[in-house]
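Heads up, final-v1.cif below (mmCIF, C-alpha atoms):
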data_data
#
loop_
_atom_site.label_atom_id
_atom_site.label_comp_id
_atom_site.auth_asym_id
_atom_site.auth_seq_id
_atom_site.Cartn_x
_atom_site.Cartn_y
_atom_site.Cartn_z
CA MET A 1 -22.13 -218.05 424.10
CA VAL A 2 -20.78 -216.43 420.95
CA THR A 3 -19.83 -219.17 418.51
CA PHE A 4 -16.17 -219.82 417.68
CA LEU A 5 -16.65 -218.42 414.16
CA ARG A 6 -18.27 -215.27 415.49
CA ALA A 7 -15.46 -214.87 418.00
CA ILE A 8 -12.87 -215.05 415.19
CA ILE A 9 -14.80 -212.42 413.20
CA LEU A 10 -15.13 -210.27 416.29
CA LEU A 11 -11.40 -210.46 417.02
CA ALA A 12 -10.56 -209.46 413.45
CA ILE A 13 -12.84 -206.47 413.56
CA MET A 14 -11.52 -205.33 416.93
CA THR A 15 -8.03 -204.89 415.51
CA VAL A 16 -9.18 -201.43 414.42
CA GLY A 17 -10.50 -198.82 416.85
CA THR A 18 -12.10 -195.66 415.50
CA ARG A 19 -9.72 -192.77 416.22
CA VAL A 20 -10.83 -189.15 416.49
CA PRO A 21 -8.50 -186.99 414.33
CA GLY A 22 -6.22 -184.54 416.07
CA GLN A 23 -6.36 -186.03 419.54
CA THR A 24 -3.27 -186.00 421.75
CA ARG A 25 -1.04 -189.04 421.65
CA LEU A 26 -0.47 -188.95 425.42
CA ILE A 27 -3.15 -189.71 427.98
CA LYS A 28 -2.78 -189.09 431.71
CA THR A 29 -4.20 -191.52 434.21
CA VAL A 30 -5.96 -190.07 437.23
CA THR A 31 -2.64 -190.15 439.12
CA GLY A 32 -0.84 -188.24 436.36
CA ARG A 33 1.03 -191.17 434.83
CA GLU A 34 1.31 -190.80 431.05
CA LEU A 35 0.27 -193.45 428.52
CA GLU A 36 0.49 -193.44 424.76
CA SER A 37 -2.93 -193.75 423.20
CA GLY A 38 -1.71 -196.71 421.15
CA GLN A 39 -0.84 -198.58 424.34
CA LEU A 40 -4.34 -197.99 425.67
CA ASP A 41 -5.87 -199.06 422.34
CA GLN A 42 -4.00 -202.34 422.53
CA PHE A 43 -4.95 -202.95 426.16
CA ILE A 44 -8.61 -202.33 425.41
CA ARG A 45 -8.59 -204.67 422.41
CA GLN A 46 -6.97 -207.42 424.45
CA SER A 47 -9.40 -206.92 427.31
CA MET A 48 -12.43 -206.95 425.02
CA ASP A 49 -11.15 -210.12 423.37
CA SER A 50 -10.61 -211.88 426.68
CA LEU A 51 -14.10 -210.93 427.88
CA GLN A 52 -15.76 -211.45 424.47
CA ILE A 53 -17.22 -207.95 424.40
CA PRO A 54 -18.82 -207.15 421.02
CA GLY A 55 -18.54 -203.36 421.07
CA LEU A 56 -17.41 -200.37 423.07
CA SER A 57 -17.56 -196.58 423.05
CA ILE A 58 -15.13 -194.94 425.48
CA ALA A 59 -13.87 -191.44 426.29
CA ILE A 60 -11.26 -190.12 428.72
CA ILE A 61 -10.97 -186.58 430.07
CA ASN A 62 -7.71 -184.91 431.09
CA ASP A 63 -7.58 -181.36 432.46
CA ALA A 64 -11.31 -181.00 431.72
CA GLN A 65 -10.79 -181.78 428.02
CA MET A 66 -11.67 -184.90 426.07
CA VAL A 67 -8.28 -186.33 425.05
CA TYR A 68 -9.32 -189.83 424.05
CA HIS A 69 -12.41 -191.09 422.27
CA ARG A 70 -12.46 -194.49 420.65
CA THR A 71 -14.97 -196.99 419.39
CA PHE A 72 -14.12 -200.67 419.10
CA GLY A 73 -15.82 -203.77 417.77
CA VAL A 74 -19.20 -204.24 416.15
CA LYS A 75 -22.70 -202.95 416.67
CA ASN A 76 -24.08 -206.22 415.41
CA ILE A 77 -22.23 -209.54 415.34
CA ASP A 78 -24.25 -210.97 412.45
CA THR A 79 -23.90 -207.98 410.10
CA LYS A 80 -20.32 -207.26 411.27
CA MET A 81 -21.16 -203.56 411.09
CA GLU A 82 -18.51 -201.64 413.04
CA ILE A 83 -19.30 -199.27 415.85
CA ASP A 84 -18.40 -195.66 415.06
CA SER A 85 -18.81 -192.26 416.68
CA ASN A 86 -22.47 -192.12 415.60
CA THR A 87 -23.39 -195.42 417.24
CA ILE A 88 -25.50 -195.06 420.37
CA PHE A 89 -26.13 -197.30 423.36
CA GLU A 90 -28.67 -197.69 426.10
CA ALA A 91 -27.16 -195.67 428.94
CA ALA A 92 -29.28 -197.50 431.52
CA SER A 93 -28.84 -195.84 434.92
CA LEU A 94 -26.32 -193.36 433.56
CA SER A 95 -29.60 -191.68 432.61
CA LYS A 96 -29.99 -190.59 436.25
CA PRO A 97 -27.04 -188.18 436.67
CA LEU A 98 -27.92 -186.37 433.44
CA PHE A 99 -31.57 -186.27 434.51
CA SER A 100 -30.44 -184.76 437.83
CA TYR A 101 -28.67 -181.99 435.90
CA PHE A 102 -31.85 -181.46 433.87
CA VAL A 103 -33.91 -181.23 437.06
CA MET A 104 -31.52 -178.64 438.50
CA LYS A 105 -32.01 -176.60 435.33
CA GLN A 106 -35.78 -176.73 435.88
CA ILE A 107 -35.26 -175.62 439.47
CA GLU A 108 -33.25 -172.63 438.27
CA LYS A 109 -36.05 -171.77 435.86
CA GLY A 110 -38.54 -171.78 438.73
CA VAL A 111 -40.49 -174.77 437.42
CA ILE A 112 -40.21 -176.50 440.80
CA GLY A 113 -38.30 -176.07 444.06
CA LEU A 114 -35.63 -178.49 445.25
CA ASP A 115 -37.48 -178.99 448.54
CA ASP A 116 -41.07 -178.75 447.27
CA PRO A 117 -43.25 -181.75 448.25
CA LEU A 118 -44.07 -183.52 444.99
CA TYR A 119 -47.59 -184.55 445.96
CA LYS A 120 -48.71 -180.90 445.97
CA TYR A 121 -48.07 -180.81 442.22
CA MET A 122 -49.25 -184.34 441.44
CA PRO A 123 -50.46 -186.90 443.99
CA HIS A 124 -49.06 -190.36 443.35
CA PRO A 125 -51.85 -192.73 442.29
CA ALA A 126 -50.33 -196.01 443.54
CA ILE A 127 -49.02 -195.83 447.10
CA LYS A 128 -49.73 -198.99 449.10
CA ASP A 129 -52.24 -198.48 451.92
CA ASN A 130 -52.33 -194.76 451.07
CA ASP A 131 -49.20 -194.32 453.18
CA SER A 132 -49.11 -190.56 453.75
CA ARG A 133 -45.37 -190.55 454.44
CA TYR A 134 -44.79 -190.28 450.68
CA GLU A 135 -46.12 -186.72 450.88
CA LEU A 136 -42.74 -185.72 452.35
CA ILE A 137 -40.91 -186.59 449.12
CA THR A 138 -39.10 -183.73 447.37
CA PRO A 139 -36.88 -183.50 444.26
CA ARG A 140 -33.85 -183.46 446.58
CA MET A 141 -34.89 -186.83 448.00
CA VAL A 142 -35.50 -188.32 444.55
CA LEU A 143 -32.09 -187.30 443.23
CA SER A 144 -30.29 -188.50 446.37
CA HIS A 145 -32.28 -191.77 446.62
CA THR A 146 -33.75 -191.02 450.05
CA THR A 147 -37.46 -191.30 449.18
CA GLY A 148 -38.09 -194.70 450.74
CA PHE A 149 -39.41 -195.98 447.38
CA PRO A 150 -38.25 -199.38 446.07
CA ASN A 151 -36.10 -199.46 442.95
CA TRP A 152 -39.08 -200.55 440.82
CA SER A 153 -42.61 -201.48 441.80
CA VAL A 154 -43.26 -203.67 438.71
CA ASP A 155 -46.90 -202.56 438.34
CA LYS A 156 -47.64 -203.13 442.02
CA PRO A 157 -48.61 -200.52 444.61
CA ILE A 158 -45.50 -198.82 445.99
CA GLU A 159 -44.61 -199.92 449.50
CA MET A 160 -42.65 -197.35 451.47
CA LYS A 161 -39.42 -198.75 452.97
CA PHE A 162 -38.96 -195.92 455.47
CA THR A 163 -39.95 -192.32 456.15
CA PRO A 164 -38.56 -190.18 453.30
CA GLY A 165 -35.32 -188.43 454.14
CA THR A 166 -34.25 -190.88 456.83
CA GLY A 167 -32.35 -193.49 454.82
CA PHE A 168 -30.95 -194.55 451.44
CA SER A 169 -32.91 -196.66 448.96
CA TYR A 170 -31.81 -196.59 445.31
CA SER A 171 -34.97 -195.95 443.31
CA GLY A 172 -35.73 -195.72 439.63
CA GLU A 173 -39.41 -195.64 440.58
CA ALA A 174 -38.96 -192.32 442.38
CA HIS A 175 -37.24 -190.88 439.31
CA GLN A 176 -40.24 -191.88 437.22
CA TYR A 177 -42.55 -190.05 439.61
CA LEU A 178 -40.51 -186.88 439.25
CA THR A 179 -40.29 -187.35 435.48
CA ALA A 180 -44.07 -187.56 435.09
CA LEU A 181 -44.56 -184.62 437.42
CA LEU A 182 -42.18 -182.39 435.41
CA ALA A 183 -44.16 -183.12 432.28
CA VAL A 184 -47.48 -182.32 433.96
CA ILE A 185 -46.43 -179.01 435.50
CA GLN A 186 -44.82 -177.89 432.22
CA HIS A 187 -48.01 -178.75 430.33
CA THR A 188 -46.36 -181.21 428.01
CA ASN A 189 -46.30 -184.97 427.55
CA TRP A 190 -43.58 -187.21 428.92
CA GLN A 191 -42.74 -188.53 425.51
CA HIS A 192 -41.22 -186.18 422.93
CA GLY A 193 -42.56 -183.10 424.71
CA LEU A 194 -40.33 -183.52 427.76
CA ASP A 195 -37.40 -184.64 425.63
CA SER A 196 -37.73 -181.44 423.60
CA ILE A 197 -37.30 -179.42 426.79
CA PHE A 198 -34.27 -181.55 427.65
CA GLN A 199 -32.78 -180.92 424.21
CA LYS A 200 -33.22 -177.17 424.60
CA ASP A 201 -32.07 -176.86 428.22
CA VAL A 202 -29.27 -179.46 428.34
CA SER A 203 -28.29 -181.09 425.05
CA ALA A 204 -27.92 -177.95 422.97
CA PRO A 205 -25.94 -175.89 425.53
CA LEU A 206 -23.56 -178.79 426.22
CA GLY A 207 -23.18 -179.80 422.57
CA MET A 208 -24.70 -183.23 423.12
CA LYS A 209 -26.04 -183.98 419.65
CA ARG A 210 -26.49 -187.73 420.09
CA SER A 211 -28.34 -187.97 423.40
CA PHE A 212 -32.06 -188.67 423.62
CA TYR A 213 -34.43 -190.00 426.28
CA VAL A 214 -37.04 -191.15 423.75
CA ARG A 215 -36.89 -193.26 420.63
CA ASN A 216 -36.68 -191.36 417.36
CA ALA A 217 -35.41 -191.81 413.81
CA TYR A 218 -31.79 -191.24 414.82
CA THR A 219 -31.77 -193.67 417.71
CA THR A 220 -33.56 -196.29 415.63
CA SER A 221 -31.03 -196.17 412.81
CA HIS A 222 -27.85 -195.79 414.89
CA LYS A 223 -28.42 -197.99 417.93
CA ALA A 224 -26.09 -200.91 418.60
CA THR A 225 -27.59 -204.34 419.14
CA GLY A 226 -27.36 -205.42 422.77
CA TYR A 227 -26.15 -208.87 423.79
CA PHE A 228 -26.98 -210.90 426.88
CA LYS A 229 -24.28 -212.73 428.83
CA ASN A 230 -25.14 -215.94 426.99
CA GLY A 231 -24.26 -214.24 423.69
CA LYS A 232 -27.84 -213.98 422.42
CA ALA A 233 -28.93 -210.73 420.82
CA LYS A 234 -31.46 -208.46 422.47
CA ASP A 235 -34.22 -208.37 419.87
CA PHE A 236 -36.48 -205.79 421.49
CA TRP A 237 -36.35 -202.12 422.36
CA LEU A 238 -36.13 -200.96 425.93
CA ASP A 239 -39.59 -201.04 427.46
CA GLY A 240 -41.04 -197.57 427.63
CA SER A 241 -38.54 -196.16 425.13
CA ILE A 242 -41.32 -194.08 423.58
CA SER A 243 -41.59 -192.32 426.94
CA PHE A 244 -39.03 -190.15 428.72
CA GLY A 245 -37.63 -192.19 431.60
CA GLY A 246 -35.36 -190.09 433.79
CA ALA A 247 -34.08 -193.26 435.44
CA HIS A 248 -33.16 -195.44 432.47
CA THR A 249 -34.15 -194.53 428.88
CA LEU A 250 -31.24 -192.30 427.82
CA HIS A 251 -29.58 -193.34 424.55
CA THR A 252 -26.15 -191.81 423.93
CA GLU A 253 -22.45 -192.50 423.29
CA ALA A 254 -19.17 -191.79 425.05
CA ALA A 255 -18.14 -188.47 423.48
CA ASP A 256 -21.53 -186.93 424.17
CA TYR A 257 -21.61 -188.13 427.76
CA ALA A 258 -18.05 -186.93 428.28
CA ARG A 259 -19.25 -183.43 427.42
CA PHE A 260 -21.67 -183.71 430.33
CA LEU A 261 -18.91 -184.90 432.65
CA ILE A 262 -16.74 -181.96 431.58
CA ALA A 263 -19.63 -179.66 432.48
CA MET A 264 -19.73 -181.32 435.90
CA ILE A 265 -15.98 -180.84 436.37
CA ASN A 266 -16.17 -177.18 435.34
CA GLY A 267 -19.50 -176.33 436.94
CA LYS A 268 -20.85 -175.32 433.55
CA GLY A 269 -24.48 -174.51 432.81
CA LEU A 270 -25.70 -173.98 436.38
CA ARG A 271 -25.37 -171.11 438.79
CA LYS A 272 -22.56 -171.67 441.32
CA GLU A 273 -24.93 -172.09 444.24
CA THR A 274 -27.01 -174.61 442.29
CA PHE A 275 -23.96 -176.57 441.20
CA ASP A 276 -22.48 -176.56 444.69
CA GLU A 277 -25.74 -177.97 446.04
CA MET A 278 -25.75 -180.68 443.38
CA MET A 279 -22.20 -181.77 444.23
CA LYS A 280 -22.68 -181.70 448.01
CA GLU A 281 -23.15 -184.97 449.88
CA GLN A 282 -26.86 -185.32 450.65
CA ILE A 283 -26.73 -188.57 452.59
CA HIS A 284 -23.85 -190.32 454.33
CA PHE A 285 -23.85 -194.11 454.32
CA PRO A 286 -23.59 -196.03 457.60
CA GLU A 287 -20.22 -197.73 457.99
CA ASP A 288 -21.84 -201.17 458.02
CA SER A 289 -23.81 -200.67 454.78
CA ASP A 290 -23.18 -202.64 451.58
CA LEU A 291 -22.19 -199.46 449.72
CA SER A 292 -19.69 -198.50 452.40
CA SER A 293 -17.99 -201.83 451.83
CA THR A 294 -17.16 -200.64 448.29
CA GLY A 295 -15.54 -197.48 449.61
CA GLN A 296 -18.48 -195.25 448.72
CA THR A 297 -19.39 -192.89 451.54
CA GLY A 298 -22.49 -191.09 450.29
CA TRP A 299 -24.60 -189.70 447.48
CA CYS A 300 -24.92 -186.20 446.09
CA LEU A 301 -27.68 -185.13 443.66
CA GLY A 302 -26.97 -187.60 440.89
CA PHE A 303 -23.76 -189.48 441.72
CA ALA A 304 -22.25 -191.82 444.27
CA MET A 305 -19.22 -190.39 446.09
CA LYS A 306 -16.03 -192.25 446.91
CA PRO A 307 -13.04 -190.60 448.62
CA MET A 308 -9.77 -191.46 446.86
CA PRO A 309 -6.13 -190.43 447.45
CA TYR A 310 -6.49 -187.81 444.70
CA GLY A 311 -9.85 -186.45 445.88
CA VAL A 312 -13.51 -187.43 445.67
CA ARG A 313 -14.49 -189.73 442.82
CA TYR A 314 -18.04 -189.13 441.58
CA LEU A 315 -19.33 -192.23 439.83
CA HIS A 316 -22.33 -194.09 438.48
CA THR A 317 -22.98 -197.46 436.87
CA GLY A 318 -25.67 -198.51 434.43
CA SER A 319 -27.16 -201.88 433.59
CA ASN A 320 -30.07 -202.67 431.27
CA SER A 321 -30.60 -206.04 429.66
CA GLY A 322 -28.01 -206.28 426.87
CA PHE A 323 -26.19 -203.05 427.79
CA GLN A 324 -23.93 -201.82 430.59
CA SER A 325 -22.09 -198.56 431.25
CA TYR A 326 -19.84 -196.78 433.73
CA CYS A 327 -18.67 -193.23 434.37
CA CYS A 328 -16.52 -191.40 436.90
CA PHE A 329 -14.85 -188.04 437.30
CA ASN A 330 -12.73 -186.13 439.78
CA ARG A 331 -12.97 -182.36 440.10
CA GLU A 332 -9.58 -181.87 441.75
CA THR A 333 -7.57 -183.52 438.97
CA LYS A 334 -10.16 -182.69 436.27
CA TYR A 335 -10.07 -186.32 435.15
CA GLY A 336 -12.99 -188.33 433.86
CA LEU A 337 -13.93 -191.51 432.03
CA VAL A 338 -17.08 -192.95 430.50
CA LEU A 339 -17.71 -196.20 428.66
CA PHE A 340 -20.67 -197.93 427.07
CA THR A 341 -20.86 -201.57 426.00
CA ASN A 342 -23.49 -203.41 423.98
CA CYS A 343 -23.28 -206.37 426.33
CA GLU A 344 -23.49 -207.12 430.05
CA LYS A 345 -19.76 -207.03 430.82
CA ALA A 346 -18.89 -203.36 431.34
CA PHE A 347 -18.06 -203.87 435.01
CA GLU A 348 -15.74 -206.75 434.19
CA LEU A 349 -14.05 -204.54 431.61
CA TYR A 350 -13.61 -201.68 434.04
CA ALA A 351 -12.17 -204.03 436.65
CA LEU A 352 -9.29 -204.47 434.18
CA LEU A 353 -9.25 -200.97 432.72
CA GLY A 354 -9.51 -199.15 436.05
CA LYS A 355 -6.44 -200.94 437.35
CA TYR A 356 -4.58 -200.13 434.14
CA LEU A 357 -5.50 -196.45 434.53
CA ASP A 358 -4.58 -196.29 438.26
CA ASP A 359 -8.24 -195.92 439.15
CA GLU A 360 -9.51 -199.28 440.35
CA PHE A 361 -13.26 -199.92 440.54
#
Could you spell out this file's structure in structure tokens?
Amino acid sequence: MVTFLRAIILLAIMTVGTRVPGQTRLIKTVTGRELESGQLDQFIRQSMDSLQIPGLSIAIINDAQMVYHRTFGVKNIDTKMEIDSNTIFEAASLSKPLFSYFVMKQIEKGVIGLDDPLYKYMPHPAIKDNDSRYELITPRMVLSHTTGFPNWSVDKPIEMKFTPGTGFSYSGEAHQYLTALLAVIQHTNWQHGLDSIFQKDVSAPLGMKRSFYVRNAYTTSHKATGYFKNGKAKDFWLDGSISFGGAHTLHTEAADYARFLIAMINGKGLRKETFDEMMKEQIHFPEDSDLSSTGQTGWCLGFAMKPMPYGVRYLHTGSNSGFQSYCCFNRETKYGLVLFTNCEKAFELYALLGKYLDDEF
């Protein structure tokens, strides 16, 4: 655990949160209740202190506009360097929704079709027992987690869980298959080549200047240090960070990701029919499933869906070693929230913060 001395230093540093000039003083919760930004600042500081969270980047959206963006704490406990608006985090699985948006852009460009079998472009080289059922897999199935692939194969042949399209199985492995395929059919590499296409098609139009799927000079110099639950620092880069990983290698911060969520609320950057398809439920969870027990009812192309009194909440979580993240938005109320932590306690933080903002986890 963080030592007592480090905890004292951390508490002192967290008395200041980076404030974006000119932001509104009032913030609406998802139910419309108004809070002063100073009240929220104080609640976040207290919550971070109680959970011993080193650092945080957070943004809140009201009426499809970013009304609150703060950074708290330190990017490194030893150096005491404070997190600021340039500090980036491993987004972990929050990579997937943004990758889904990127894929839909490629579909609009005619690079690939939403229901094209992937094997026709690039056969998968590591399917256990040459199970031909994988040949049914399409981009739609990848983005809705209905491929039958495991989450990760860990360098083993991929064993199909079920016939693609007949069930739900959360899979980063399937996203990696689609990632590699997009690089191949666009005659580029799935390192900086694919990220360059992402920058042109997604980052630039949405104004996301601090979001990258591959390691570069900016990410190297501005990345926060991650911390495990035992308080030890993560002293290595995310495996595969030199390669574009649609499932997990995004590095970003809250204001940038909020711009993506605003695009999702407004339907920006995609044709209406494409956006409507992305937001539509692709698979409905059985009532006795583990996900149904959380209130989630299905998955669209990129996000889990959870009916709430104010409308459908679209959400996603992210967890890499040393980093965790969470995002949600609602199109009816045009509300959204995203947070990144450089530790493994984001879900514990949102359990407190969600209740405070009338939007429990």
Inset, instruction - Could you jot down the atom CA of Asp115 of chain A to atom CA of Pro150 of chain A separation for me, Å, one decimal place? - result: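 Result for atom CA of Asp115 of chain A versus atom CA of Pro150 of chain A: 20.6 Å, one decimal.
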Inset, instruction - Pull out every residue that the PyMOL selection byres ((chain A and resi 90) around 10) matches in the shown coordinates and put them as a PyMOL selection string. - result: chain A and resi 88-89+91-95+212-213+219+223-226+237-238+248-253+318-325+340-342
Legend entry - Nearby residues (only C-alpha atoms) at most 9 Å from Lys96 of chain A, same-chain spacing under 2 positions excluded, as a ChimeraX atom specification: /A:92-94,98-101,143,172,175,246-248,250,302-303,316
Once you have the residues from the selection above, write them out as an mmCIF file, keeping the file's coordinate frame, restricted to C-alpha atoms.
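File written: out_8.cif
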data_model
loop_
_atom_site.group_PDB
_atom_site.id
_atom_site.type_symbol
_atom_site.label_atom_id
_atom_site.label_comp_id
_atom_site.auth_asym_id
_atom_site.auth_seq_id
_atom_site.Cartn_x
_atom_site.Cartn_y
_atom_site.Cartn_z
ATOM 1 C CA ALA A 92 -29.280 -197.500 431.520
ATOM 2 C CA SER A 93 -28.840 -195.840 434.920
ATOM 3 C CA LEU A 94 -26.320 -193.360 433.560
ATOM 4 C CA LEU A 98 -27.920 -186.370 433.440
ATOM 5 C CA PHE A 99 -31.570 -186.270 434.510
ATOM 6 C CA SER A 100 -30.440 -184.760 437.830
ATOM 7 C CA TYR A 101 -28.670 -181.990 435.900
ATOM 8 C CA LEU A 143 -32.090 -187.300 443.230
ATOM 9 C CA GLY A 172 -35.730 -195.720 439.630
ATOM 10 C CA HIS A 175 -37.240 -190.880 439.310
ATOM 11 C CA GLY A 246 -35.360 -190.090 433.790
ATOM 12 C CA ALA A 247 -34.080 -193.260 435.440
ATOM 13 C CA HIS A 248 -33.160 -195.440 432.470
ATOM 14 C CA LEU A 250 -31.240 -192.300 427.820
ATOM 15 C CA GLY A 302 -26.970 -187.600 440.890
ATOM 16 C CA PHE A 303 -23.760 -189.480 441.720
ATOM 17 C CA HIS A 316 -22.330 -194.090 438.480
#
Inset, instruction - Run the PyMOL selection byres ((chain A and resi 216) around 12) on the file and write out the hits as an MDAnalysis selection string. - result: chainID A and resid 191:192 195:196 210:215 217:223 237 241:244 250:251
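Between atom CA of Phe72 of chain A and atom CA of Thr31 of chain A the interatomic distance comes to 25.4 Å.
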Legend entry - Between atom CA of Glu344 of chain A and atom CA of Tyr227 of chain A - distance in Å to one decimal: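 Between atom CA of Tyr227 of chain A and atom CA of Glu344 of chain A the gap works out to 7.0 Å.
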Inset, instruction - Could you state which residues are captured by the PyMOL selection byres ((chain A and resi 310) around 12) in this file, as an MDAnalysis selection string? - result: chainID A and resid 29:32 306:309 311:313 329:335 358:359
Inset, instruction - Pick out the closest residue to Pro139 of chain A from this set: A:Tyr119, A:Trp190, A:Tyr314, A:Trp299. Count all atoms listed in the file. - result: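 Nearest candidate to Pro139 of chain A out of A:Tyr119, A:Trp190, A:Tyr314, A:Trp299: A:Tyr119.
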Inset, instruction - Name the residues in contact with Pro117 of chain A at a cut-off of 6 Å, using only C-alpha atoms, excluding same-chain residues fewer than 3 positions from it; report them as a PyMOL selection string. - result: chain A and resi 120+136-138
What's the 12 Å shell around Glu273 of chain A, counting all atoms listed in the file, without same-chain residues fewer than 6 positions away, as a PDB file with C-alpha atoms, in the coordinates of the input?
ATOM      1  CA  MET A 104     -31.520-178.640 438.500  1.00  0.00           C
ATOM      2  CA  ILE A 107     -35.260-175.620 439.470  1.00  0.00           C
ATOM      3  CA  GLU A 108     -33.250-172.630 438.270  1.00  0.00           C
ATOM      4  CA  GLY A 267     -19.500-176.330 436.940  1.00  0.00           C
ATOM      5  CA  MET A 279     -22.200-181.770 444.230  1.00  0.00           C
ATOM      6  CA  LYS A 280     -22.680-181.700 448.010  1.00  0.00           C
TER       7      LYS A 280
END
